[in-house]
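Participant: The structure file input-v5.cif (mmCIF, C-alpha atoms) is provided below.
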data_final
loop_
_atom_site.label_atom_id
_atom_site.label_comp_id
_atom_site.auth_asym_id
_atom_site.auth_seq_id
_atom_site.Cartn_x
_atom_site.Cartn_y
_atom_site.Cartn_z
CA MET N 63 101.85 58.83 171.10
CA ILE N 64 98.73 56.74 171.40
CA ASP N 65 96.73 59.47 169.68
CA VAL N 66 99.00 59.47 166.66
CA LYS N 67 98.62 55.74 166.17
CA ARG N 68 94.87 56.01 166.36
CA ARG N 69 94.92 58.72 163.71
CA VAL N 70 97.02 56.58 161.37
CA PHE N 71 94.69 53.67 161.89
CA LEU N 72 91.63 55.78 161.05
CA LYS N 73 93.25 57.13 157.91
CA GLY N 74 94.15 53.66 156.81
CA SER N 75 90.68 52.25 157.28
CA ALA N 76 89.06 55.23 155.58
CA ALA N 77 91.23 54.69 152.51
CA ALA N 78 90.37 50.99 152.40
CA GLY N 79 86.70 51.88 152.63
CA ALA N 80 87.00 54.20 149.66
CA VAL N 81 88.50 51.44 147.51
CA VAL N 82 85.65 49.07 148.33
CA ALA N 83 83.09 51.77 147.53
CA ALA N 84 84.76 52.46 144.18
CA ALA N 85 84.71 48.79 143.23
CA GLY N 86 81.06 48.58 144.16
CA ALA N 87 80.23 51.58 142.01
CA GLY N 88 81.95 49.95 139.06
CA LEU N 89 79.83 46.86 139.35
CA ILE N 90 76.53 48.68 139.36
CA ALA N 91 77.46 51.39 136.84
CA PRO N 92 74.53 52.02 134.50
CA GLN N 93 74.68 50.38 131.12
CA ALA N 94 75.06 52.51 128.04
CA VAL N 95 71.69 53.69 126.81
CA LEU N 96 70.20 51.11 124.50
CA ALA N 97 70.62 52.17 120.92
CA GLU N 98 67.65 50.13 119.78
CA TRP N 99 65.11 51.87 121.98
CA ASN N 100 63.25 54.17 119.63
CA GLU N 101 63.35 57.45 121.54
CA ALA N 102 61.58 59.44 118.80
CA ALA N 103 58.64 57.03 118.66
CA PHE N 104 58.13 56.77 122.40
CA ARG N 105 58.41 60.52 122.98
CA SER N 106 56.00 61.45 120.19
CA LYS N 107 52.87 63.21 121.32
CA SER N 108 50.72 62.25 118.36
CA VAL N 109 49.77 58.90 116.90
CA ALA N 110 50.83 59.89 113.39
CA ASP N 111 54.32 60.96 114.51
CA ALA N 112 54.79 57.82 116.57
CA VAL N 113 53.72 55.51 113.76
CA LYS N 114 56.03 57.30 111.34
CA ALA N 115 58.94 57.12 113.78
CA VAL N 116 58.53 53.41 114.31
CA THR N 117 57.75 52.30 110.76
CA GLY N 118 59.58 54.95 108.76
CA THR N 119 56.51 55.66 106.66
CA ASP N 120 53.11 57.26 107.04
CA ALA N 121 51.50 55.16 104.34
CA SER N 122 49.56 52.56 106.27
CA VAL N 123 46.57 50.46 105.31
CA GLU N 124 43.72 49.48 107.58
CA SER N 125 43.50 45.72 107.70
CA ALA N 126 40.83 43.31 108.85
CA ASP N 127 43.49 40.64 109.33
CA ILE N 128 44.66 42.17 112.59
CA LYS N 129 42.83 41.16 115.72
CA ILE N 130 42.99 43.29 118.83
CA LYS N 131 41.77 41.63 121.96
CA ALA N 132 40.99 44.23 124.60
CA PRO N 133 38.06 44.87 126.92
CA GLU N 134 35.30 47.16 125.62
CA ILE N 135 35.10 48.75 129.01
CA ALA N 136 38.17 48.88 131.23
CA GLU N 137 37.24 49.53 134.82
CA ASN N 138 40.83 50.16 135.75
CA GLY N 139 42.83 52.12 133.20
CA ALA N 140 46.07 51.24 134.97
CA VAL N 141 45.83 47.66 133.78
CA VAL N 142 44.24 47.08 130.39
CA PRO N 143 45.04 43.67 128.92
CA VAL N 144 45.72 43.90 125.20
CA SER N 145 46.50 41.11 122.76
CA VAL N 146 47.34 41.70 119.13
CA SER N 147 47.44 38.91 116.61
CA SER N 148 47.53 38.90 112.85
CA SER N 149 47.10 36.42 110.06
CA ILE N 150 49.18 38.52 107.67
CA ALA N 151 52.19 36.57 106.39
CA GLY N 152 55.73 37.57 107.27
CA VAL N 153 55.03 39.92 110.16
CA THR N 154 58.27 41.45 111.43
CA ALA N 155 56.99 43.90 114.01
CA ILE N 156 53.89 44.74 116.01
CA SER N 157 53.34 48.02 117.84
CA ILE N 158 50.63 48.95 120.29
CA LEU N 159 49.48 52.54 120.76
CA ALA N 160 46.90 54.12 123.02
CA ALA N 161 45.59 57.11 121.06
CA SER N 162 44.48 59.21 124.00
CA ASN N 163 47.61 58.81 126.13
CA PRO N 164 50.04 61.76 126.44
CA SER N 165 52.64 59.62 124.68
CA PRO N 166 50.58 57.26 122.51
CA MET N 167 53.37 54.79 121.72
CA VAL N 168 53.17 52.09 124.37
CA ALA N 169 54.96 49.00 123.16
CA SER N 170 56.71 47.67 120.12
CA PHE N 171 57.60 44.07 119.44
CA ALA N 172 60.21 42.97 116.90
CA LEU N 173 59.52 39.38 115.93
CA GLY N 174 61.95 36.71 114.83
CA GLU N 175 61.35 34.43 111.85
CA THR N 176 59.74 31.66 113.84
CA THR N 177 57.80 33.93 116.16
CA VAL N 178 54.01 33.79 115.86
CA ALA N 179 52.32 37.15 115.24
CA ASP N 180 50.47 37.07 118.53
CA VAL N 181 51.61 39.12 121.51
CA SER N 182 49.93 40.08 124.75
CA THR N 183 50.71 42.62 127.40
CA ARG N 184 48.96 44.98 129.77
CA ILE N 185 48.93 48.72 129.20
CA LYS N 186 47.91 51.91 130.97
CA MET N 187 45.23 54.13 129.50
CA GLY N 188 44.63 57.65 130.75
CA LYS N 189 41.14 57.89 129.35
CA THR N 190 38.74 56.39 126.83
CA GLY N 191 40.27 56.07 123.42
CA ASP N 192 41.35 53.81 120.63
CA VAL N 193 43.92 51.09 121.04
CA ILE N 194 45.80 51.02 117.78
CA ALA N 195 47.80 48.09 116.50
CA VAL N 196 50.43 48.66 113.86
CA VAL N 197 51.71 45.58 112.06
CA GLN N 198 54.70 45.63 109.77
CA ALA N 199 55.11 42.89 107.20
CA GLY N 200 57.79 43.25 104.57
CA ASP N 201 57.70 46.93 103.58
CA LYS N 202 53.97 47.27 104.16
CA VAL N 203 52.34 48.76 107.22
CA TYR N 204 48.90 47.67 108.38
CA THR N 205 46.81 49.12 111.17
CA ALA N 206 43.70 48.31 113.13
CA LYS N 207 42.01 49.92 116.08
CA LYS N 208 39.56 49.20 118.82
CA GLU N 209 37.93 51.60 121.23
CA VAL N 210 38.32 50.95 124.93
CA LYS N 211 36.19 52.87 127.40
CA VAL N 212 38.04 53.68 130.56
CA THR N 213 36.12 54.47 133.71
CA ILE N 214 39.11 55.14 135.99
CA GLY N 215 42.24 56.58 134.37
CA GLY N 216 45.55 54.86 134.79
CA CYS N 217 47.91 57.80 134.30
CA GLY N 218 48.39 60.46 136.93
CA GLY N 219 48.43 59.94 140.64
CA MET Z 60 69.56 39.37 143.54
CA ALA Z 61 68.23 36.73 145.78
CA LYS Z 62 64.83 36.46 144.20
CA SER Z 63 64.28 36.89 140.51
CA SER Z 64 61.98 39.68 139.38
CA ILE Z 65 60.69 37.49 136.58
CA LYS Z 66 58.11 34.77 136.70
CA LEU Z 67 58.40 32.68 133.61
CA ARG Z 68 56.49 29.80 132.03
CA ALA Z 69 56.99 28.15 128.68
CA LYS Z 70 54.70 25.47 127.29
CA VAL Z 71 54.82 23.65 124.00
CA LYS Z 72 51.66 22.41 122.32
CA ASN Z 73 51.10 21.39 118.71
CA GLY Z 74 54.58 22.55 117.73
CA VAL Z 75 54.14 26.05 119.09
CA THR Z 76 55.76 27.21 122.31
CA THR Z 77 53.95 29.86 124.30
CA VAL Z 78 55.95 31.91 126.76
CA LYS Z 79 54.37 33.93 129.54
CA ALA Z 80 56.45 36.29 131.60
CA LEU Z 81 55.48 38.43 134.55
CA MET Z 82 58.05 40.95 135.72
CA SER Z 83 57.93 42.99 138.88
CA HIS Z 84 58.78 46.59 138.15
CA PRO Z 85 57.26 49.98 139.15
CA MET Z 86 56.97 51.22 135.53
CA GLU Z 87 56.86 54.92 136.42
CA THR Z 88 55.85 57.10 133.49
CA GLY Z 89 57.53 60.25 134.76
CA GLN Z 90 54.16 62.02 134.75
CA ARG Z 91 52.82 60.89 138.08
CA LYS Z 92 53.20 63.32 140.95
CA ASN Z 93 54.06 62.65 144.53
CA LYS Z 94 50.86 63.69 146.30
CA LYS Z 95 52.63 65.08 149.35
CA THR Z 96 55.37 67.14 147.72
CA GLY Z 97 53.82 67.80 144.31
CA GLU Z 98 57.07 66.79 142.67
CA LYS Z 99 57.07 64.53 139.68
CA ILE Z 100 58.20 60.99 140.28
CA PRO Z 101 61.08 60.38 137.88
CA GLU Z 102 60.42 57.94 135.10
CA HIS Z 103 61.59 54.41 135.72
CA PHE Z 104 60.41 51.75 133.33
CA ILE Z 105 61.54 48.68 131.45
CA GLN Z 106 62.75 49.72 128.01
CA GLU Z 107 63.64 46.44 126.48
CA VAL Z 108 62.65 42.83 126.96
CA VAL Z 109 64.40 40.15 124.95
CA GLY Z 110 63.17 36.60 124.61
CA THR Z 111 65.57 33.93 123.36
CA TYR Z 112 65.12 30.27 122.56
CA ASN Z 113 68.21 28.07 122.25
CA GLY Z 114 70.33 31.21 122.14
CA LYS Z 115 68.37 32.68 119.24
CA VAL Z 116 66.41 35.90 119.74
CA VAL Z 117 62.71 35.31 119.01
CA ILE Z 118 61.34 38.62 120.24
CA THR Z 119 62.72 42.05 121.07
CA THR Z 120 60.23 44.22 122.89
CA SER Z 121 60.51 47.96 123.38
CA TRP Z 122 58.32 49.46 126.03
CA SER Z 123 57.49 52.90 127.35
CA GLY Z 124 56.08 53.88 130.73
CA GLY Z 125 52.67 53.22 129.18
CA VAL Z 126 52.94 49.56 130.02
CA SER Z 127 51.28 48.63 133.32
CA LYS Z 128 53.11 48.21 136.59
CA ASP Z 129 54.49 44.72 137.06
CA PRO Z 130 54.30 44.12 133.32
CA TYR Z 131 53.08 41.00 131.64
CA LEU Z 132 54.30 39.74 128.31
CA SER Z 133 53.21 36.75 126.34
CA PHE Z 134 54.52 35.59 123.00
CA SER Z 135 54.81 32.34 121.11
CA PHE Z 136 57.06 30.81 118.49
CA LYS Z 137 57.14 27.77 116.28
CA GLY Z 138 59.26 24.91 117.53
CA GLY Z 139 60.44 24.09 120.99
CA ALA Z 140 60.55 20.80 122.84
CA ASN Z 141 60.25 19.59 126.39
CA GLY Z 142 63.38 20.46 128.36
CA GLU Z 143 64.78 23.11 126.02
CA THR Z 144 65.57 26.52 127.42
CA VAL Z 145 63.80 29.84 126.95
CA THR Z 146 65.38 32.98 128.39
CA VAL Z 147 63.71 36.29 129.07
CA SER Z 148 65.69 39.33 130.14
CA TRP Z 149 64.73 42.95 130.70
CA SER Z 150 66.61 46.19 131.09
CA ASP Z 151 65.21 49.51 132.30
CA ASN Z 152 66.03 53.16 131.72
CA LYS Z 153 68.06 53.38 134.92
CA GLY Z 154 70.45 50.59 134.00
CA GLY Z 155 68.68 47.90 135.99
CA SER Z 156 68.26 44.47 134.46
CA ASP Z 157 67.36 40.90 135.19
CA THR Z 158 67.28 37.64 133.34
CA LYS Z 159 65.70 34.25 133.83
CA ASP Z 160 65.82 30.86 132.16
CA VAL Z 161 63.05 28.33 132.08
CA LYS Z 162 62.73 24.86 130.64
CA ILE Z 163 59.94 24.31 128.16
CA LYS Z 164 57.27 21.93 129.42
CA GLY Z 165 54.87 19.74 127.51
CA LYS Z 166 54.81 17.38 124.59
CA LYS Z 167 55.49 18.38 121.06
#
Is it possible to express this structure as structure tokens?
Facilitator:
Amino acid sequence: MIDVKRRVFLKGSAAAGAVVAAAGAGLIAPQAVLAEWNEAAFRSKSVADAVKAVTGTDASVESADIKIKAPEIAENGAVVPVSVSSSIAGVTAISILAASNPSPMVASFALGETTVADVSTRIKMGKTGDVIAVVQAGDKVYTAKKEVKVTIGGCGG
Amino acid sequence: MAKSSIKLRAKVKNGVTTVKALMSHPMETGQRKNKKTGEKIPEHFIQEVVGTYNGKVVITTSWSGGVSKDPYLSFSFKGGANGETVTVSWSDNKGGSDTKDVKIKGKK
């Protein structure tokens, strides 16, 4: 008789536990994949493909009005500070690519109307190569590049 | 989350507000290997960072695993005044996210 009661009790508590677990799972369920994240651009293996995927065109012009601030020699490729600024009017987007990385597309910034065309971040670089900035203004695409020498790679373990 | 993963500063000077954000995140590319097992460490990186000022989006950032671990982001926008709010939020490819508000400091 005692055994039966114990069994009922265990069943009951197990069921309650399951409900709590289910509620918890609901709370931390992953969000739907972001539609805005440009899968094609970030998965591209070549600079040309990535630029085309992000800007929608392969007609770009080299511009002296884009400034890339990055070290000439990066001792640690895992952390390369990069700033991109531009004096071109009406910049809507800035992208940063590392030409020698397996996936060159590193970061892309969509700017609001009041946002200044000046962004900074830190990127990984596998080996020495060009850092390329792609600036979109209106329907025009401008690019600039700067070589960064990497002494210790930042990709791979 | 007890402690925010974002460190955030916003300063206004000469009519331009500069926002600096430092997030703590592993930023795995998916190409690094576990040295002991030889297995690839699955990718885990921040995909999107959104900066808003007074409820208006000023920057939408898309990132890949090519951004350094514990990523840093700085941007600036015209306007902003002492005491107004800037919000930065990130979301990663595994459904993780965090958000933080900060009051703008400084004189116009």
Participant: If we count all atoms listed in the file, which residues of chain N reach to within 6 Å of chain Z? Please list them as a list in words.
Facilitator: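 Selected residues: Pro92, Gln93, Val141, Val168, Ala169, Ser170, Phe171, Ala172, Leu173, Gly174, Thr176, Thr177, Val178, Val181, Ser182, Thr183, Arg184, Ile185, Lys186, Gly218 and Gly219 of chain N.
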Participant: Using all atoms listed in the file, find the one residue out of Z:Pro85, Z:Phe104, Z:Val71, Z:Lys95 that sits nearest to Glu143 of chain Z.
Facilitator: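 Between Z:Pro85, Z:Phe104, Z:Val71, Z:Lys95, the residue approaching Glu143 of chain Z most closely is Z:Val71.
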Participant: Going by the chain IDs and residue numbers used in this file, which residues fall under the PyMOL selection byres ((chain Z and resi 66) around 8)? Write them as a ChimeraX atom specification.
Facilitator: /Z:63-65,67-68,80-82
Participant: What separation in Å, quoted to one decimal, exists between atom CA of Phe104 of chain N and atom CA of Glu102 of chain Z?
Facilitator: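 Straight-line distance from atom CA of Phe104 of chain N to atom CA of Glu102 of chain Z works out to 13.0 Å.
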Participant: Suppose a student applies the PyMOL selection byres ((chain N and resi 157) around 7) to this structure; what residues should they get, written as a count of residues only?
Facilitator: 10
Participant: Measuring atom to atom with all atoms listed in the file, identify which of N:Asp111, N:Asp192, N:Glu101, N:Asp201 is nearest to Pro133 of chain N.
Facilitator: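 Of the candidates, the smallest distance to Pro133 of chain N is held by N:Asp192.
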Participant: Mind telling me what the PyMOL selection byres ((chain Z and resi 141) around 7) catches here, as a list of chain:residue names?
Facilitator: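 Taken over the shown coordinates, the PyMOL selection byres ((chain Z and resi 141) around 7) returns Z:Ala140, Z:Gly142, Z:Glu143, Z:Ile163, Z:Lys164, Z:Gly165, Z:Lys166.
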Participant: Give me the residues near Lys131 of chain N as number ranges by chain, where near means some atom within 9 Å (using only C-alpha atoms) and where sequence neighbours in that chain fewer than 6 positions away do not count.
Facilitator: N: 143-147, 182, 208
Participant: Quick one: distance from atom CA of Asn138 of chain N to atom CA of Lys70 of chain Z in Å, one decimal?
Facilitator: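 So the answer is 29.6 Å.
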Participant: Counting only C-alpha atoms, which of N:Ser108, N:Asn163, N:Asn100, N:Ala132 gets nearest to Lys189 of chain N?
Facilitator: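 Nearest to Lys189 of chain N: N:Asn163.
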Participant: How many Å separate atom CA of Ser165 of chain N from atom CA of Val113 of chain N?
Facilitator: 11.7 Å
